[in-house]
Amino acid sequence: MKKRRPEIVLFTGFLGSGKTTMLLKTIEMLADKEKKCAIIINEIGDVGIDNRQMRKLGYDVLDLFGGCVCCTLKVTLEATINHLLNEYDNLDYILFEPSGMADPSALYPAITNCGYRENEIHNVFIFDPLRVDLYQVHLNQLFRDSLNLSKIVVINKIDEAPPEMVLQAREMAENIKPGVKCLMMNLNEELIPEFSRMLISGRW
Amino acid sequence: MYQKEFIPVAFKVNFKSGKNLTVEKWQELIGKLLKNYAQSISENKDCFIGHIKALAEIADDSFIKFSCVNALAEVNSEFHGECQSVDEVNMVINSLVTNTDSLKSRKLLNQAFTLTGNQEENVLMYIENESSEPLKEHHHHKKDEPCPICNEHHHHDHDLH
């Protein structure tokens, strides 16, 4: 019988948007439901913080280390995913957090080369409403590309950002991708049940 | 391109105090240091903070994670593990800031430390040379086995753990 491929979930978003926090909450939620996950992290810089944090919390992490995955580590990403697919029979999910500077569109070929279709990549775009100005001016192209690839948008930090900024963030997302599902979250608290349901059911 | 504008800088930092300090006190002190550091960076209009992250090790399985994306906002921090008092903390700082290289970051971090005002706790900070000690990274294979991920395309100049 052909093996069932694990679901692949990307946590994308600019630096400091809350990707690692969301990844951790997702791992906890999936672990509670006895799902088996592989975690891939790519950090820029000589020293990783997120991978150390994950290991101290008891998780085993595959690092894509030493550069940004969209620029220099595409081949390693593909090899890493193939390694997971070949060596681990019972994986339910591959959870991947690219660097906050990665262009998500550059990651897709490495994933599709592993046999996934584009529409099977669950790309969760995490949006920090406190940085709407940055997205509008300096990161506009990245924002558009990220949104167009995303399955859902998580607007984080709703506890910190003024309501008008949260609303502006939502409008920006909906203007670029009409009909996109926007989930409002404070990732320092729990994941909202709607996200957990989508992830578990596979109905995005 | 924005990827090239943000300069990654990482430091290993050692803090020593003349007495044991609680986790809360370390959290407060380091939080203040990172806030001052972020503010010093932001004084230069050409410097924009992408993300400043730090992991302070209280013990093998206890740590405080710090995160800062804006000099005006509070530094977020979260403690995991068992509360205890220690007189020494090792920390890794990883920052991505525009127009701020390693040398400048080090200077700003030292300046920021002098502003923390920790006379009572008598804490000393030492920034280790970035390249003085190879950092341990994690691989999923033994030293004498080929790497299943990259087929030996990475360097083995540091130990496995």
# chains A, B, ... in the order shown; residues from 1 in each chain; ligands from 1

$ residues_around --residues "Asp101 of chain B" --least-positions-apart "2" --cutoff "8 Å" --atoms "only C-alpha atoms" --output "list in words"
Ile7, Pro8, Val9, Asn99, Leu103, Lys104 and Ser105 of chain B

$ residues_around --residues "Asn90 of chain B" --least-positions-apart "3" --cutoff "8 Å" --atoms "only C-alpha atoms" --output "PyMOL selection string"
chain B and resi 12-15+56-58

$ residues_around --residues "Asn51 of chain A" --least-positions-apart "6" --cutoff "10 Å" --atoms "only C-alpha atoms" --output "list of chain:residue names"
A:Thr20, A:Ile39, A:Ile40, A:Ile41, A:Asn42, A:Glu43, A:Leu57, A:Tyr59, A:Asp60, A:Val61, A:Leu62, A:Asp63, A:Leu64, A:Phe65, B:Glu137, B:His138

$ interface_residues --of "chain A" --to "chain B" --cutoff "6 Å" --atoms "only C-alpha atoms" --output "MDAnalysis selection string"
chainID A and resid 15:16 45 56 79:80 101

$ write_last_selection --atoms "C-alpha atoms" --output "PDB file, in the first residue's frame"
ATOM      1  CA  LEU A  15      10.999  38.942  11.088  1.00  0.00           C
ATOM      2  CA  GLY A  16       9.379  39.096  14.493  1.00  0.00           C
ATOM      3  CA  GLY A  45      22.963  34.199  11.278  1.00  0.00           C
ATOM      4  CA  LYS A  56      15.574  22.871  25.264  1.00  0.00           C
ATOM      5  CA  ALA A  79      17.031  16.937   0.543  1.00  0.00           C
ATOM      6  CA  THR A  80      15.694  17.429   4.060  1.00  0.00           C
ATOM      7  CA  MET A 101      13.541  37.179   5.377  1.00  0.00           C
TER       8      MET A 101
END

$ atom_distance --atom1 "atom CA of Gly202 of chain A" --atom2 "atom CA of Asp103 of chain A"
24.7 Å

$ closest_atom_pairs --of "segment 5-41 of chain A" --to "segment 110-132 of chain A" --cutoff "7 Å" --atoms "only C-alpha atoms" --output "Markdown table"
| residue | atom | partner | partner_atom | distance |
| --- | --- | --- | --- | --- |
| A:Ile8 | CA | A:Ile121 | CA | 5.6 |
| A:Val9 | CA | A:His122 | CA | 4.6 |
| A:Leu10 | CA | A:Asn123 | CA | 4.6 |
| A:Phe11 | CA | A:Val124 | CA | 5.1 |
| A:Thr12 | CA | A:Phe125 | CA | 4.8 |
| A:Gly13 | CA | A:Ile126 | CA | 4.9 |
| A:Ser17 | CA | A:Asp128 | CA | 4.9 |
| A:Gly18 | CA | A:Ile126 | CA | 6.8 |
| A:Lys19 | CA | A:Ile126 | CA | 6.5 |

$ select_by_dssp --residues "segment 17-199 of chain A" --states "strand (DSSP E)" --output "ChimeraX atom specification"
/A:37-43,61-65,93-97,121-127,152-155,181-184

$ residues_around --residues "segment 176-186 of chain A" --least-positions-apart "4" --cutoff "12 Å" --atoms "only C-alpha atoms" --output "PyMOL selection string"
chain A and resi 17-18+21-22+25+123-129+136+140-161+163+166-167+169-172+190-196+198+204

$ write_last_selection --atoms "C-alpha atoms" --output "mmCIF file, in the first residue's frame"
data_model
loop_
_atom_site.group_PDB
_atom_site.id
_atom_site.type_symbol
_atom_site.label_atom_id
_atom_site.label_comp_id
_atom_site.auth_asym_id
_atom_site.auth_seq_id
_atom_site.Cartn_x
_atom_site.Cartn_y
_atom_site.Cartn_z
ATOM 1 C CA SER A 17 5.851 38.411 13.302
ATOM 2 C CA GLY A 18 5.375 35.416 15.638
ATOM 3 C CA THR A 21 5.498 31.140 18.729
ATOM 4 C CA MET A 22 2.834 29.860 16.345
ATOM 5 C CA LYS A 25 1.699 26.305 19.833
ATOM 6 C CA ASN A 123 1.152 28.211 3.874
ATOM 7 C CA VAL A 124 0.168 30.133 6.997
ATOM 8 C CA PHE A 125 1.177 33.768 6.635
ATOM 9 C CA ILE A 126 1.648 35.486 9.986
ATOM 10 C CA PHE A 127 1.132 39.217 9.852
ATOM 11 C CA ASP A 128 2.231 41.683 12.521
ATOM 12 C CA PRO A 129 -0.265 44.572 12.349
ATOM 13 C CA GLN A 136 3.069 49.008 2.607
ATOM 14 C CA ASN A 140 5.176 45.555 -0.535
ATOM 15 C CA GLN A 141 6.295 42.998 -3.120
ATOM 16 C CA LEU A 142 7.160 40.442 -0.441
ATOM 17 C CA PHE A 143 3.783 41.060 1.159
ATOM 18 C CA ARG A 144 1.927 40.521 -2.126
ATOM 19 C CA ASP A 145 3.893 37.385 -2.994
ATOM 20 C CA SER A 146 3.435 35.975 0.501
ATOM 21 C CA LEU A 147 -0.269 36.645 0.570
ATOM 22 C CA ASN A 148 -0.912 35.201 -2.846
ATOM 23 C CA LEU A 149 0.685 31.931 -1.779
ATOM 24 C CA SER A 150 -0.922 31.740 1.630
ATOM 25 C CA LYS A 151 -3.860 29.510 2.544
ATOM 26 C CA ILE A 152 -4.679 31.604 5.568
ATOM 27 C CA VAL A 153 -3.483 34.830 7.156
ATOM 28 C CA VAL A 154 -2.969 35.003 10.895
ATOM 29 C CA ILE A 155 -3.128 38.554 12.152
ATOM 30 C CA ASN A 156 -1.134 38.325 15.365
ATOM 31 C CA LYS A 157 -0.558 40.702 18.288
ATOM 32 C CA ILE A 158 -4.194 41.795 18.417
ATOM 33 C CA ASP A 159 -3.624 42.435 22.121
ATOM 34 C CA GLU A 160 -0.781 44.904 21.424
ATOM 35 C CA ALA A 161 -1.865 46.611 18.224
ATOM 36 C CA PRO A 163 -7.822 48.089 16.744
ATOM 37 C CA VAL A 166 -5.611 45.364 13.133
ATOM 38 C CA LEU A 167 -8.427 46.460 10.856
ATOM 39 C CA ALA A 169 -3.953 44.814 8.346
ATOM 40 C CA ARG A 170 -7.066 42.817 7.561
ATOM 41 C CA GLU A 171 -8.094 45.217 4.817
ATOM 42 C CA MET A 172 -4.611 45.088 3.279
ATOM 43 C CA GLU A 190 -3.805 29.716 22.808
ATOM 44 C CA LEU A 191 -4.343 28.998 19.122
ATOM 45 C CA ILE A 192 -7.912 29.698 18.146
ATOM 46 C CA PRO A 193 -9.985 26.501 17.696
ATOM 47 C CA GLU A 194 -10.755 27.327 14.062
ATOM 48 C CA PHE A 195 -7.087 26.992 13.125
ATOM 49 C CA SER A 196 -6.717 23.723 15.034
ATOM 50 C CA MET A 198 -8.490 23.284 9.868
ATOM 51 C CA TRP A 204 -8.243 24.642 4.642
#

$ atom_distance --atom1 "atom CA of Asn90 of chain A" --atom2 "atom CA of Leu23 of chain A"
20.0 Å

$ atom_distance --atom1 "atom CA of His138 of chain A" --atom2 "atom CA of Pro104 of chain A"
16.7 Å

$ residues_around --residues "segment 83-86 of chain B" --least-positions-apart "2" --cutoff "8 Å" --atoms "only C-alpha atoms" --output "list in words"
Lys19, Asn20, Leu21, Thr22, Val23, Ile58, Ser62, Gly81, Glu88 and Val89 of chain B

$ residues_around --residues "Gly18 of chain B" --least-positions-apart "3" --cutoff "10 Å" --atoms "only C-alpha atoms" --output "list in words"
Leu21, Asp87, Glu88, Glu120, Glu121, Asn122, Val123 and Leu124 of chain B

$ write_last_selection --atoms "N, CA and C atoms" --output "PDB file, in the first residue's frame"
ATOM      1  N   LEU B  21      20.971  35.551  41.762  1.00  0.00           N
ATOM      2  CA  LEU B  21      19.810  36.388  41.439  1.00  0.00           C
ATOM      3  C   LEU B  21      18.675  35.489  40.964  1.00  0.00           C
ATOM      4  N   ASP B  87      24.110  32.762  39.800  1.00  0.00           N
ATOM      5  CA  ASP B  87      24.973  33.953  39.758  1.00  0.00           C
ATOM      6  C   ASP B  87      25.647  34.131  38.395  1.00  0.00           C
ATOM      7  N   GLU B  88      25.333  33.225  37.451  1.00  0.00           N
ATOM      8  CA  GLU B  88      25.941  33.331  36.129  1.00  0.00           C
ATOM      9  C   GLU B  88      24.936  32.895  35.062  1.00  0.00           C
ATOM     10  N   GLU B 120      23.456  47.520  42.298  1.00  0.00           N
ATOM     11  CA  GLU B 120      23.051  46.715  43.458  1.00  0.00           C
ATOM     12  C   GLU B 120      23.357  45.233  43.237  1.00  0.00           C
ATOM     13  N   GLU B 121      23.103  44.775  42.026  1.00  0.00           N
ATOM     14  CA  GLU B 121      23.326  43.354  41.726  1.00  0.00           C
ATOM     15  C   GLU B 121      24.771  43.083  41.326  1.00  0.00           C
ATOM     16  N   ASN B 122      25.505  44.135  41.021  1.00  0.00           N
ATOM     17  CA  ASN B 122      26.911  44.007  40.658  1.00  0.00           C
ATOM     18  C   ASN B 122      27.122  42.985  39.536  1.00  0.00           C
ATOM     19  N   VAL B 123      26.396  43.161  38.465  1.00  0.00           N
ATOM     20  CA  VAL B 123      26.489  42.228  37.330  1.00  0.00           C
ATOM     21  C   VAL B 123      27.541  42.730  36.339  1.00  0.00           C
ATOM     22  N   LEU B 124      28.354  41.803  35.880  1.00  0.00           N
ATOM     23  CA  LEU B 124      29.335  42.119  34.843  1.00  0.00           C
ATOM     24  C   LEU B 124      28.925  41.410  33.563  1.00  0.00           C
TER      25      LEU B 124
END

$ residues_around --residues "Glu43 of chain B" --least-positions-apart "4" --cutoff "12 Å" --atoms "only C-alpha atoms" --output "list in words"
Asn36, Tyr37, Ala38, Gln39, Cys47, Phe48, Ile49, Asn70, Ala71, Leu72, Thr100 and Leu108 of chain B

$ decode --residues "segment 162-197 of chain A" --atoms "C-alpha atoms" --output "short mmCIF file (atom, residue, chain, number, x, y, z; two decimals), in the first residue's frame"
data_model
loop_
_atom_site.label_atom_id
_atom_site.label_comp_id
_atom_site.auth_asym_id
_atom_site.auth_seq_id
_atom_site.Cartn_x
_atom_site.Cartn_y
_atom_site.Cartn_z
CA PRO A 162 -4.53 49.33 18.28
CA PRO A 163 -7.82 48.09 16.74
CA GLU A 164 -7.46 50.44 13.75
CA MET A 165 -4.12 48.85 12.86
CA VAL A 166 -5.61 45.36 13.13
CA LEU A 167 -8.43 46.46 10.86
CA GLN A 168 -5.97 48.04 8.42
CA ALA A 169 -3.95 44.81 8.35
CA ARG A 170 -7.07 42.82 7.56
CA GLU A 171 -8.09 45.22 4.82
CA MET A 172 -4.61 45.09 3.28
CA ALA A 173 -4.77 41.31 3.17
CA GLU A 174 -8.29 41.24 1.75
CA ASN A 175 -7.48 43.87 -0.89
CA ILE A 176 -4.60 41.84 -2.23
CA LYS A 177 -6.26 38.46 -1.94
CA PRO A 178 -10.04 38.88 -1.84
CA GLY A 179 -11.73 36.18 0.17
CA VAL A 180 -8.58 35.11 2.02
CA LYS A 181 -9.34 33.70 5.45
CA CYS A 182 -7.95 36.00 8.15
CA LEU A 183 -7.69 34.63 11.67
CA MET A 184 -7.19 37.12 14.47
CA MET A 185 -4.91 35.82 17.20
CA ASN A 186 -2.80 36.74 20.15
CA LEU A 187 -0.25 33.99 19.79
CA ASN A 188 0.95 34.48 23.34
CA GLU A 189 -2.35 32.90 24.28
CA GLU A 190 -3.81 29.72 22.81
CA LEU A 191 -4.34 29.00 19.12
CA ILE A 192 -7.91 29.70 18.15
CA PRO A 193 -9.98 26.50 17.70
CA GLU A 194 -10.76 27.33 14.06
CA PHE A 195 -7.09 26.99 13.12
CA SER A 196 -6.72 23.72 15.03
CA ARG A 197 -9.81 22.33 13.31
#
